[in-house]
Protein chains: 2
Amino acid sequence: MKKVNIGILGLGTVGGGTYDILKMNKELITRRTGVDYCVTRVLEINMKAVEAHGVDPAIVTSDVDAILTGDDVDIVIESLGGVEPSSSFMLKALNHGKSVVTPNKAAVAANYEKLTSAAKAHGVQIRIEACVGGGIPALTAITEALAGNEFTDVMGILNGTTNYIMTKMGDEGLAYDAVLKDAQAKGFAEADPTADVEGIDVANKLSILMALAFDKYVAPRDIPTVGITGVTMDDIAAAKAKDCKIKLIAHASIDEAGKLSYEIKPMEIPYSHPLAGVSNEFNAIYVTGNAVGEVMFYGKGAGALPTGSAIVGDVISIMKAMA
Amino acid sequence: MKKVNIGILGLGTVGGGTYDILKMNKELITRRTGVDYCVTRVLEINMKAVEAHGVDPAIVTSDVDAILTGDDVDIVIESLGGVEPSSSFMLKALNHGKSVVTPNKAAVAANYEKLTSAAKAHGVQIRIEACVGGGIPALTAITEALAGNEFTDVMGILNGTTNYIMTKMGDEGLAYDAVLKDAQAKGFAEADPTADVEGIDVANKLSILMALAFDKYVAPRDIPTVGITGVTMDDIAAAKAKDCKIKLIAHASIDEAGKLSYEIKPMEIPYSHPLAGVSNEFNAIYVTGNAVGEVMFYGKGAGALPTGSAIVGDVISIMKAMA
């Protein structure tokens, strides 16, 4: 049986969840792939996390190069977050002939072309399913099962924090500040919620979605973006009067001449539209293709195990190609 | 550039739609796969269909063996429908080292093990995305992007005709007989609607879903199945009083001891459940995995181009593996 060695950079929420799935479902994944895999290296300095996930301390290192260039790693899972040094780490791993899997949307959106070119040049893969929509397998669907389609339109509810806030404001009539405090208390929103509520996180995800669906790269900072901080109870009442909900929507479309339009802003979505039923912390990606018509993917957009599920799916795909 | 030859059995609705997509999106598919493909053979005796799809009469044959065993076919698309002779045709093609793509749920559900074993024995693929949910890429998601999950529960709205009837009865207060007539007039229901309204079509699909998600084969005839013919306006009113819609649901789940339960019947679905928002002829597959949690896939469950989209996605996947 083919053996594949995996290195993980960082045992935070997502890295830890990924490690847990690789352990919990090992027998099943080995049966499905015909590959015997092993996590041979973990980059982590927080020994509490190492202990919490039951990682053998003998494989834990603080030397990132041991993972990026070492002979005992075939696939690198980059789960550190942030544009740098993550992007440089991923490039180094790719340049050393290792495939890379990452949930790091900021790094991928910032360096999409560099990363994909490096993978191509070295005959390895960079897989990024976990970057958009957490566990929802939308990116793989767009690039694989739906690859026979010319895509014309992509819409998404791509941030769980803002969708939770919009849901509570709409369904329970609570004002923005009160809901944000509640979300922070429940761990659905960060102490500094700027990246979520101002749409910065969504811009990274829309940049990636456009690159895959339309083969056109637009930097996140070039996407016109309005967050949810300006949404008032009056706006919500006005939407309700039209049988609509307000959702923070990432939208991109391409016309027949190939002109791409894109924006992120709170939009009124009619109750009859499938995206209106996407509530609380759930995410959805709604895609239109010239053959399939309209398709929607719905699920948990964040969290240790859902995001880990997407990462493990990418690892499986790479392992199958190596078997 | 690698060249791949495709043979199509039958230019009916789905076979014709598939041919159209392979022609319409050829430049894009060739760019995405790096494979130059060609439809080298088409089995059809209806020359009106040949003309309508602009197929070169020189590649049209009434000799099925020319496609199943000929040297100029690498991938066979079986779009004839019905258990036989389709199953025998597919087995013959697989035994001659050709990969097979099919939307034929009746044949696949009846002969799942024979077909998958033959593919394995000859190192080729049988791909069946189009068998369940038309254009919705749920099967590929279950077997690939979500393959890191142990699945515990699968629910689906898997038949467009019955979902259209349930939607009209629920939303417009029309009785079963009146809606069925309307659906037949609009082409959403067949003159003999038995296979749809009695759940027979859904049983084929649930059999396939269970085989893929749980790795357990259950013959369609062994699935307890209740169709929608007994649903009354009183049932719908009673559901409404509980904030529920009645939907024809295919449901399978597996408990911790590995015991599989399955049934098909009209069920009350709460408005708050994502499946309640799946209206008219749309389909959806709602899956629970031990890592990803709940995921839903939504889209068009039938039709020439949506179903063709799924077939072309499978063809692309095979071509990539051959490249």
# chains A, B, ... in the order shown; residues from 1 in each chain; ligands from 1
$ interface_residues --of "chain A" --to "chain B" --cutoff "7 Å" --atoms "only C-alpha atoms" --output "VMD selection string"
chain A and resid 21 25 29 135 to 137 140 to 141 144 to 149 274 277 291 to 299 305 to 306 309 to 310 312 to 314 317
$ calpha_fit_and_write --fixed "chain A" --moving "chain B" --output "compact mmCIF listing (two decimals) with C-alpha atoms, in the first residue's frame"
# COMPACT_ATOMS: atom_id res chain seq x y z
CA MET B 1 -0.02 0.00 -0.04
CA LYS B 2 1.24 3.47 -1.00
CA LYS B 3 2.41 5.52 1.99
CA VAL B 4 1.93 9.29 2.17
CA ASN B 5 3.41 11.58 4.81
CA ILE B 6 1.65 14.73 5.97
CA GLY B 7 3.04 17.77 7.74
CA ILE B 8 0.81 20.29 9.51
CA LEU B 9 1.77 23.92 10.12
CA GLY B 10 -0.10 25.01 13.22
CA LEU B 11 -2.50 23.22 15.57
CA GLY B 12 -4.92 26.11 15.98
CA THR B 13 -8.69 25.66 15.59
CA VAL B 14 -8.53 24.49 11.97
CA GLY B 15 -5.17 22.68 12.07
CA GLY B 16 -6.27 20.90 15.24
CA GLY B 17 -9.64 19.95 13.75
CA THR B 18 -7.89 18.60 10.67
CA TYR B 19 -5.55 16.49 12.80
CA ASP B 20 -8.56 15.15 14.72
CA ILE B 21 -10.38 14.08 11.52
CA LEU B 22 -7.26 12.43 10.08
CA LYS B 23 -7.08 10.40 13.32
CA MET B 24 -10.83 9.81 13.89
CA ASN B 25 -11.60 8.66 10.33
CA LYS B 26 -8.26 7.01 9.49
CA GLU B 27 -9.61 3.51 8.84
CA LEU B 28 -12.37 4.84 6.56
CA ILE B 29 -10.07 7.21 4.64
CA THR B 30 -7.45 4.49 4.14
CA ARG B 31 -10.14 2.14 2.82
CA ARG B 32 -11.53 4.79 0.45
CA THR B 33 -8.15 5.96 -0.90
CA GLY B 34 -6.08 2.79 -0.76
CA VAL B 35 -3.36 4.97 0.79
CA ASP B 36 -1.75 4.54 4.20
CA TYR B 37 -1.07 8.02 5.50
CA CYS B 38 0.77 9.32 8.50
CA VAL B 39 1.17 12.76 10.07
CA THR B 40 4.96 12.83 10.37
CA ARG B 41 5.53 16.44 11.42
CA VAL B 42 3.60 19.16 13.21
CA LEU B 43 4.80 22.74 13.59
CA GLU B 44 3.59 24.03 16.95
CA ILE B 45 5.04 25.75 19.99
CA ASN B 46 1.89 25.64 22.13
CA MET B 47 2.33 22.33 23.95
CA LYS B 48 -1.17 22.59 25.43
CA ALA B 49 -2.59 22.25 21.90
CA VAL B 50 -0.23 19.34 21.23
CA GLU B 51 -1.51 17.60 24.35
CA ALA B 52 -5.19 18.46 23.73
CA HIS B 53 -5.10 16.77 20.32
CA GLY B 54 -3.04 13.81 21.53
CA VAL B 55 -0.16 14.52 19.15
CA ASP B 56 3.02 12.53 19.83
CA PRO B 57 5.51 15.17 21.05
CA ALA B 58 8.24 13.39 19.08
CA ILE B 59 6.77 14.67 15.79
CA VAL B 60 6.32 18.25 17.01
CA THR B 61 8.87 20.76 15.81
CA SER B 62 9.44 24.49 15.87
CA ASP B 63 11.65 24.23 12.76
CA VAL B 64 9.38 25.08 9.83
CA ASP B 65 12.01 24.12 7.24
CA ALA B 66 11.96 20.56 8.52
CA ILE B 67 8.39 20.41 7.17
CA LEU B 68 8.76 22.60 4.06
CA THR B 69 11.88 20.87 2.74
CA GLY B 70 12.16 17.58 4.66
CA ASP B 71 12.10 14.22 2.89
CA ASP B 72 9.52 12.81 5.29
CA VAL B 73 6.69 15.15 4.21
CA ASP B 74 4.71 14.76 0.94
CA ILE B 75 1.75 17.04 1.68
CA VAL B 76 1.90 20.25 3.72
CA ILE B 77 -1.25 21.54 5.44
CA GLU B 78 -0.74 25.25 6.05
CA SER B 79 -3.10 26.30 8.84
CA LEU B 80 -1.27 29.25 10.37
CA GLY B 81 -3.38 32.05 8.86
CA GLY B 82 -2.32 35.53 7.74
CA VAL B 83 -0.69 36.50 4.45
CA GLU B 84 2.90 36.24 5.70
CA PRO B 85 4.87 34.22 6.50
CA SER B 86 2.24 31.68 5.34
CA SER B 87 2.55 32.58 1.65
CA SER B 88 6.34 32.22 1.72
CA PHE B 89 6.03 28.93 3.56
CA MET B 90 3.61 27.58 0.96
CA LEU B 91 5.81 28.71 -1.93
CA LYS B 92 8.83 27.05 -0.35
CA ALA B 93 6.94 23.79 0.12
CA LEU B 94 5.67 23.85 -3.50
CA ASN B 95 9.17 24.65 -4.76
CA HIS B 96 10.40 21.59 -2.87
CA GLY B 97 7.90 19.37 -4.70
CA LYS B 98 5.31 19.10 -1.94
CA SER B 99 1.60 19.54 -2.50
CA VAL B 100 -0.07 22.10 -0.26
CA VAL B 101 -3.55 22.29 1.25
CA THR B 102 -4.68 25.47 2.94
CA PRO B 103 -7.75 27.20 4.42
CA ASN B 104 -5.84 30.50 4.34
CA LYS B 105 -8.02 32.72 2.14
CA ALA B 106 -6.05 35.88 2.88
CA ALA B 107 -2.80 34.32 1.66
CA VAL B 108 -4.40 32.63 -1.35
CA ALA B 109 -6.31 35.75 -2.42
CA ALA B 110 -3.17 37.87 -2.06
CA ASN B 111 -0.86 35.48 -3.93
CA TYR B 112 -3.18 33.38 -6.09
CA GLU B 113 -1.10 33.53 -9.24
CA LYS B 114 2.26 32.97 -7.55
CA LEU B 115 0.97 29.94 -5.67
CA THR B 116 -0.82 28.27 -8.58
CA SER B 117 2.14 28.93 -10.92
CA ALA B 118 4.60 27.41 -8.45
CA ALA B 119 2.41 24.32 -8.10
CA LYS B 120 2.19 23.95 -11.88
CA ALA B 121 5.92 24.46 -12.38
CA HIS B 122 6.73 21.67 -9.92
CA GLY B 123 4.00 19.24 -10.97
CA VAL B 124 2.33 19.35 -7.56
CA GLN B 125 -1.04 20.62 -6.33
CA ILE B 126 -2.22 23.51 -4.21
CA ARG B 127 -5.76 22.82 -3.04
CA ILE B 128 -7.88 25.47 -1.37
CA GLU B 129 -11.41 24.10 -0.85
CA ALA B 130 -11.43 25.25 2.79
CA CYS B 131 -10.77 28.90 1.80
CA VAL B 132 -14.39 29.56 0.81
CA GLY B 133 -17.47 28.34 2.68
CA GLY B 134 -15.61 26.21 5.24
CA GLY B 135 -16.84 22.65 4.87
CA ILE B 136 -19.05 23.32 1.84
CA PRO B 137 -17.46 21.59 -1.16
CA ALA B 138 -18.27 24.38 -3.60
CA LEU B 139 -14.83 25.12 -5.04
CA THR B 140 -14.20 21.49 -5.92
CA ALA B 141 -17.66 21.35 -7.54
CA ILE B 142 -16.91 24.46 -9.61
CA THR B 143 -13.52 23.21 -10.78
CA GLU B 144 -14.39 19.52 -11.20
CA ALA B 145 -17.99 18.22 -11.35
CA LEU B 146 -19.27 21.46 -12.93
CA ALA B 147 -16.20 22.03 -15.11
CA GLY B 148 -18.29 21.47 -18.25
CA ASN B 149 -20.05 24.80 -17.60
CA GLU B 150 -19.28 28.33 -18.58
CA PHE B 151 -20.20 30.20 -15.41
CA THR B 152 -22.13 33.42 -15.72
CA ASP B 153 -22.98 34.37 -12.16
CA VAL B 154 -21.77 33.65 -8.62
CA MET B 155 -23.51 34.83 -5.44
CA GLY B 156 -22.57 33.93 -1.95
CA ILE B 157 -23.28 34.34 1.74
CA LEU B 158 -19.66 33.81 2.67
CA ASN B 159 -19.30 35.02 6.24
CA GLY B 160 -20.95 33.34 9.21
CA THR B 161 -20.52 36.22 11.65
CA THR B 162 -22.31 38.76 9.48
CA ASN B 163 -25.00 36.28 8.47
CA TYR B 164 -25.65 35.52 12.14
CA ILE B 165 -25.98 39.24 12.85
CA MET B 166 -28.28 39.84 9.85
CA THR B 167 -30.44 36.84 10.86
CA LYS B 168 -30.87 38.04 14.45
CA MET B 169 -31.60 41.62 13.36
CA GLY B 170 -34.17 40.39 10.85
CA ASP B 171 -35.84 37.61 12.80
CA GLU B 172 -35.68 38.96 16.33
CA GLY B 173 -35.77 42.69 15.69
CA LEU B 174 -32.57 43.33 17.67
CA ALA B 175 -30.34 46.25 16.73
CA TYR B 176 -26.83 45.81 15.32
CA ASP B 177 -24.89 46.71 18.50
CA ALA B 178 -26.90 44.35 20.70
CA VAL B 179 -26.53 41.42 18.29
CA LEU B 180 -22.80 42.02 17.85
CA LYS B 181 -22.30 41.88 21.63
CA ASP B 182 -24.33 38.67 21.83
CA ALA B 183 -22.34 37.16 18.93
CA GLN B 184 -19.06 38.08 20.63
CA ALA B 185 -20.24 36.48 23.89
CA LYS B 186 -21.14 33.28 22.02
CA GLY B 187 -17.82 33.16 20.14
CA PHE B 188 -19.45 33.78 16.73
CA ALA B 189 -17.74 37.18 16.42
CA GLU B 190 -14.20 38.21 17.31
CA ALA B 191 -13.28 40.88 19.84
CA ASP B 192 -12.23 43.03 16.87
CA PRO B 193 -14.94 42.19 14.33
CA THR B 194 -13.67 44.58 11.62
CA ALA B 195 -12.53 41.97 9.07
CA ASP B 196 -15.94 40.30 9.25
CA VAL B 197 -18.40 43.19 9.52
CA GLU B 198 -16.60 45.40 6.97
CA GLY B 199 -16.58 42.61 4.37
CA ILE B 200 -12.78 42.20 4.21
CA ASP B 201 -13.00 38.45 4.83
CA VAL B 202 -15.69 38.16 2.15
CA ALA B 203 -13.54 40.07 -0.36
CA ASN B 204 -10.77 37.47 -0.01
CA LYS B 205 -13.32 34.72 -0.67
CA LEU B 206 -14.94 36.44 -3.66
CA SER B 207 -11.50 37.02 -5.18
CA ILE B 208 -10.86 33.26 -4.99
CA LEU B 209 -14.34 32.36 -6.31
CA MET B 210 -13.88 34.64 -9.33
CA ALA B 211 -10.43 33.20 -10.08
CA LEU B 212 -11.88 29.69 -10.16
CA ALA B 213 -15.26 30.31 -11.80
CA PHE B 214 -14.22 32.95 -14.35
CA ASP B 215 -10.46 32.36 -14.58
CA LYS B 216 -9.95 36.06 -13.81
CA TYR B 217 -7.98 37.32 -10.85
CA VAL B 218 -9.15 40.44 -9.04
CA ALA B 219 -7.28 41.53 -5.91
CA PRO B 220 -9.54 41.70 -2.82
CA ARG B 221 -8.75 45.42 -2.33
CA ASP B 222 -10.10 46.13 -5.83
CA ILE B 223 -13.54 44.69 -5.08
CA PRO B 224 -16.07 47.42 -4.15
CA THR B 225 -17.04 46.38 -0.64
CA VAL B 226 -19.67 47.64 1.78
CA GLY B 227 -20.01 45.84 5.11
CA ILE B 228 -23.02 45.56 7.41
CA THR B 229 -22.25 48.27 9.96
CA GLY B 230 -24.56 50.74 8.23
CA VAL B 231 -27.61 48.42 8.12
CA THR B 232 -30.39 49.92 10.23
CA MET B 233 -33.63 48.53 11.61
CA ASP B 234 -35.40 50.82 9.13
CA ASP B 235 -33.57 49.13 6.24
CA ILE B 236 -34.64 45.74 7.58
CA ALA B 237 -38.27 46.88 7.96
CA ALA B 238 -38.26 48.31 4.42
CA ALA B 239 -36.94 44.98 3.09
CA LYS B 240 -39.54 43.04 5.05
CA ALA B 241 -42.31 45.16 3.52
CA LYS B 242 -41.10 43.89 0.14
CA ASP B 243 -40.95 40.24 1.36
CA CYS B 244 -37.17 40.41 1.42
CA LYS B 245 -34.37 39.73 3.87
CA ILE B 246 -31.15 41.73 3.98
CA LYS B 247 -28.06 39.57 3.53
CA LEU B 248 -24.40 40.48 3.02
CA ILE B 249 -23.96 39.23 -0.54
CA ALA B 250 -20.81 38.72 -2.55
CA HIS B 251 -21.80 38.90 -6.20
CA ALA B 252 -19.88 38.53 -9.44
CA SER B 253 -21.14 38.08 -12.97
CA ILE B 254 -19.72 38.09 -16.45
CA ASP B 255 -21.55 39.32 -19.52
CA GLU B 256 -21.42 37.93 -23.05
CA ALA B 257 -18.58 40.25 -24.00
CA GLY B 258 -16.54 38.80 -21.11
CA LYS B 259 -16.88 41.90 -18.91
CA LEU B 260 -16.68 40.96 -15.25
CA SER B 261 -18.68 42.88 -12.61
CA TYR B 262 -18.28 42.35 -8.87
CA GLU B 263 -19.27 43.85 -5.56
CA ILE B 264 -19.96 43.04 -1.93
CA LYS B 265 -22.79 44.75 -0.13
CA PRO B 266 -25.94 44.19 1.95
CA MET B 267 -28.68 43.25 -0.52
CA GLU B 268 -32.41 42.61 -0.35
CA ILE B 269 -33.05 38.94 -1.13
CA PRO B 270 -36.66 37.85 -1.81
CA TYR B 271 -38.06 35.21 0.56
CA SER B 272 -38.57 32.96 -2.47
CA HIS B 273 -34.82 32.92 -3.29
CA PRO B 274 -32.93 29.94 -1.82
CA LEU B 275 -30.32 32.29 -0.30
CA ALA B 276 -33.03 33.85 1.90
CA GLY B 277 -33.31 30.55 3.77
CA VAL B 278 -29.62 30.55 4.72
CA SER B 279 -29.72 31.56 8.38
CA ASN B 280 -27.47 32.15 11.36
CA GLU B 281 -23.85 31.08 10.93
CA PHE B 282 -24.52 29.02 7.79
CA ASN B 283 -23.00 29.95 4.43
CA ALA B 284 -24.08 29.26 0.86
CA ILE B 285 -22.67 29.60 -2.62
CA TYR B 286 -25.16 30.05 -5.49
CA VAL B 287 -23.71 29.54 -8.95
CA THR B 288 -25.20 29.79 -12.45
CA GLY B 289 -23.67 27.82 -15.31
CA ASN B 290 -24.65 27.77 -18.98
CA ALA B 291 -25.49 24.05 -18.78
CA VAL B 292 -26.49 23.27 -15.20
CA GLY B 293 -28.50 26.46 -14.60
CA GLU B 294 -28.71 27.45 -10.92
CA VAL B 295 -27.03 25.35 -8.25
CA MET B 296 -26.63 26.10 -4.56
CA PHE B 297 -24.26 24.67 -1.96
CA TYR B 298 -25.16 25.11 1.71
CA GLY B 299 -23.40 24.28 4.95
CA LYS B 300 -21.19 25.42 7.79
CA GLY B 301 -18.77 28.12 6.68
CA ALA B 302 -16.41 27.84 9.63
CA GLY B 303 -15.44 25.75 12.63
CA ALA B 304 -12.74 23.20 13.38
CA LEU B 305 -14.39 20.07 11.98
CA PRO B 306 -16.30 21.55 8.98
CA THR B 307 -13.20 23.41 7.77
CA GLY B 308 -11.09 20.35 8.59
CA SER B 309 -13.48 18.27 6.46
CA ALA B 310 -12.65 20.42 3.43
CA ILE B 311 -8.90 20.18 4.11
CA VAL B 312 -9.07 16.40 4.50
CA GLY B 313 -11.09 16.19 1.26
CA ASP B 314 -8.26 18.00 -0.50
CA VAL B 315 -5.65 15.75 1.13
CA ILE B 316 -7.61 12.70 -0.06
CA SER B 317 -7.74 14.07 -3.59
CA ILE B 318 -3.95 14.53 -3.62
CA MET B 319 -3.37 11.09 -2.09
CA LYS B 320 -5.57 9.45 -4.75
CA ALA B 321 -3.52 11.13 -7.47
CA MET B 322 -0.33 9.82 -5.81
CA ALA B 323 -1.61 6.25 -5.35
$ select_by_dssp --residues "stretch 24-79 of chain A" --states "strand (DSSP E or B)" --output "number ranges by chain"
A: 35-43, 60-61, 75-78
$ write_last_selection --atoms "all heavy atoms" --output "short mmCIF file (atom, residue, chain, number, x, y, z; two decimals), in the first residue's frame"
data_model
loop_
_atom_site.label_atom_id
_atom_site.label_comp_id
_atom_site.auth_asym_id
_atom_site.auth_seq_id
_atom_site.Cartn_x
_atom_site.Cartn_y
_atom_site.Cartn_z
N VAL A 35 -4.63 4.37 0.42
CA VAL A 35 -3.34 4.97 0.79
C VAL A 35 -3.21 4.91 2.31
O VAL A 35 -4.15 5.23 3.05
CB VAL A 35 -3.26 6.44 0.32
CG1 VAL A 35 -2.04 7.14 0.91
CG2 VAL A 35 -3.25 6.51 -1.20
N ASP A 36 -2.04 4.53 2.77
CA ASP A 36 -1.76 4.54 4.20
C ASP A 36 -1.04 5.85 4.51
O ASP A 36 0.06 6.08 4.03
CB ASP A 36 -0.85 3.36 4.54
CG ASP A 36 -0.58 3.28 6.04
OD1 ASP A 36 -1.41 3.79 6.82
OD2 ASP A 36 0.47 2.74 6.42
N TYR A 37 -1.69 6.72 5.26
CA TYR A 37 -1.08 8.03 5.51
C TYR A 37 -0.65 8.16 6.96
O TYR A 37 -1.14 7.43 7.84
CB TYR A 37 -2.02 9.17 5.12
CG TYR A 37 -3.29 9.24 5.95
CD1 TYR A 37 -3.32 9.88 7.18
CD2 TYR A 37 -4.46 8.67 5.48
CE1 TYR A 37 -4.49 9.95 7.93
CE2 TYR A 37 -5.63 8.72 6.22
CZ TYR A 37 -5.64 9.37 7.44
OH TYR A 37 -6.79 9.42 8.18
N CYS A 38 0.22 9.12 7.17
CA CYS A 38 0.76 9.33 8.51
C CYS A 38 1.09 10.81 8.66
O CYS A 38 1.67 11.42 7.75
CB CYS A 38 2.04 8.49 8.61
SG CYS A 38 2.83 8.61 10.22
N VAL A 39 0.69 11.41 9.78
CA VAL A 39 1.14 12.77 10.07
C VAL A 39 2.52 12.64 10.69
O VAL A 39 2.67 12.13 11.80
CB VAL A 39 0.17 13.51 11.02
CG1 VAL A 39 0.71 14.90 11.35
CG2 VAL A 39 -1.21 13.63 10.39
N THR A 40 3.55 13.06 9.94
CA THR A 40 4.93 12.84 10.38
C THR A 40 5.52 14.04 11.09
O THR A 40 6.52 13.91 11.80
CB THR A 40 5.83 12.49 9.18
OG1 THR A 40 5.57 13.44 8.14
CG2 THR A 40 5.54 11.09 8.67
N ARG A 41 4.93 15.23 10.85
CA ARG A 41 5.50 16.45 11.42
C ARG A 41 4.38 17.45 11.73
O ARG A 41 3.48 17.63 10.90
CB ARG A 41 6.43 17.15 10.42
CG ARG A 41 7.63 16.35 9.99
CD ARG A 41 8.85 16.71 10.79
NE ARG A 41 10.01 15.97 10.32
CZ ARG A 41 11.19 16.04 10.91
NH1 ARG A 41 11.37 16.82 11.98
NH2 ARG A 41 12.20 15.35 10.45
N VAL A 42 4.49 18.11 12.87
CA VAL A 42 3.55 19.18 13.21
C VAL A 42 4.35 20.38 13.71
O VAL A 42 5.18 20.23 14.62
CB VAL A 42 2.55 18.72 14.30
CG1 VAL A 42 1.73 19.89 14.82
CG2 VAL A 42 1.63 17.62 13.76
N LEU A 43 4.11 21.54 13.11
CA LEU A 43 4.75 22.77 13.59
C LEU A 43 3.86 23.39 14.65
O LEU A 43 2.73 23.80 14.37
CB LEU A 43 4.93 23.76 12.43
CG LEU A 43 5.56 25.11 12.81
CD1 LEU A 43 7.07 24.97 12.97
CD2 LEU A 43 5.24 26.18 11.76
N VAL A 60 6.48 16.82 16.96
CA VAL A 60 6.27 18.28 17.02
C VAL A 60 7.60 19.00 16.87
O VAL A 60 8.60 18.60 17.48
CB VAL A 60 5.58 18.66 18.34
CG1 VAL A 60 5.40 20.18 18.44
CG2 VAL A 60 4.23 17.95 18.45
N THR A 61 7.60 20.03 16.04
CA THR A 61 8.82 20.77 15.82
C THR A 61 8.53 22.27 15.81
O THR A 61 7.39 22.70 15.58
CB THR A 61 9.46 20.36 14.47
OG1 THR A 61 10.64 21.14 14.26
CG2 THR A 61 8.52 20.60 13.30
N ILE A 75 2.83 16.05 1.76
CA ILE A 75 1.75 17.04 1.68
C ILE A 75 1.86 17.96 2.89
O ILE A 75 1.96 17.49 4.03
CB ILE A 75 0.36 16.36 1.70
CG1 ILE A 75 0.21 15.38 0.52
CG2 ILE A 75 -0.76 17.40 1.67
CD1 ILE A 75 -1.08 14.55 0.56
N VAL A 76 1.85 19.28 2.63
CA VAL A 76 1.90 20.26 3.71
C VAL A 76 0.52 20.89 3.88
O VAL A 76 -0.05 21.42 2.92
CB VAL A 76 2.94 21.36 3.42
CG1 VAL A 76 2.88 22.45 4.49
CG2 VAL A 76 4.35 20.76 3.35
N ILE A 77 -0.02 20.82 5.10
CA ILE A 77 -1.26 21.53 5.43
C ILE A 77 -0.86 22.82 6.13
O ILE A 77 -0.28 22.80 7.22
CB ILE A 77 -2.16 20.68 6.34
CG1 ILE A 77 -2.60 19.41 5.59
CG2 ILE A 77 -3.38 21.49 6.79
CD1 ILE A 77 -3.30 18.38 6.47
N GLU A 78 -1.14 23.96 5.47
CA GLU A 78 -0.76 25.26 6.03
C GLU A 78 -1.98 25.82 6.75
O GLU A 78 -2.92 26.28 6.11
CB GLU A 78 -0.28 26.19 4.91
CG GLU A 78 0.26 27.53 5.39
CD GLU A 78 -0.82 28.51 5.80
OE1 GLU A 78 -1.75 28.76 5.02
OE2 GLU A 78 -0.75 29.03 6.94
#
$ select_by_dssp --residues "stretch 211-259 of chain B" --states "helix (DSSP H, G or I)" --output "list in words"
Ala211, Leu212, Ala213, Phe214, Pro220, Arg221, Asp222, Met233, Asp234, Asp235, Ile236, Ala237, Ala238, Ala239, Lys240 and Ala241 of chain B
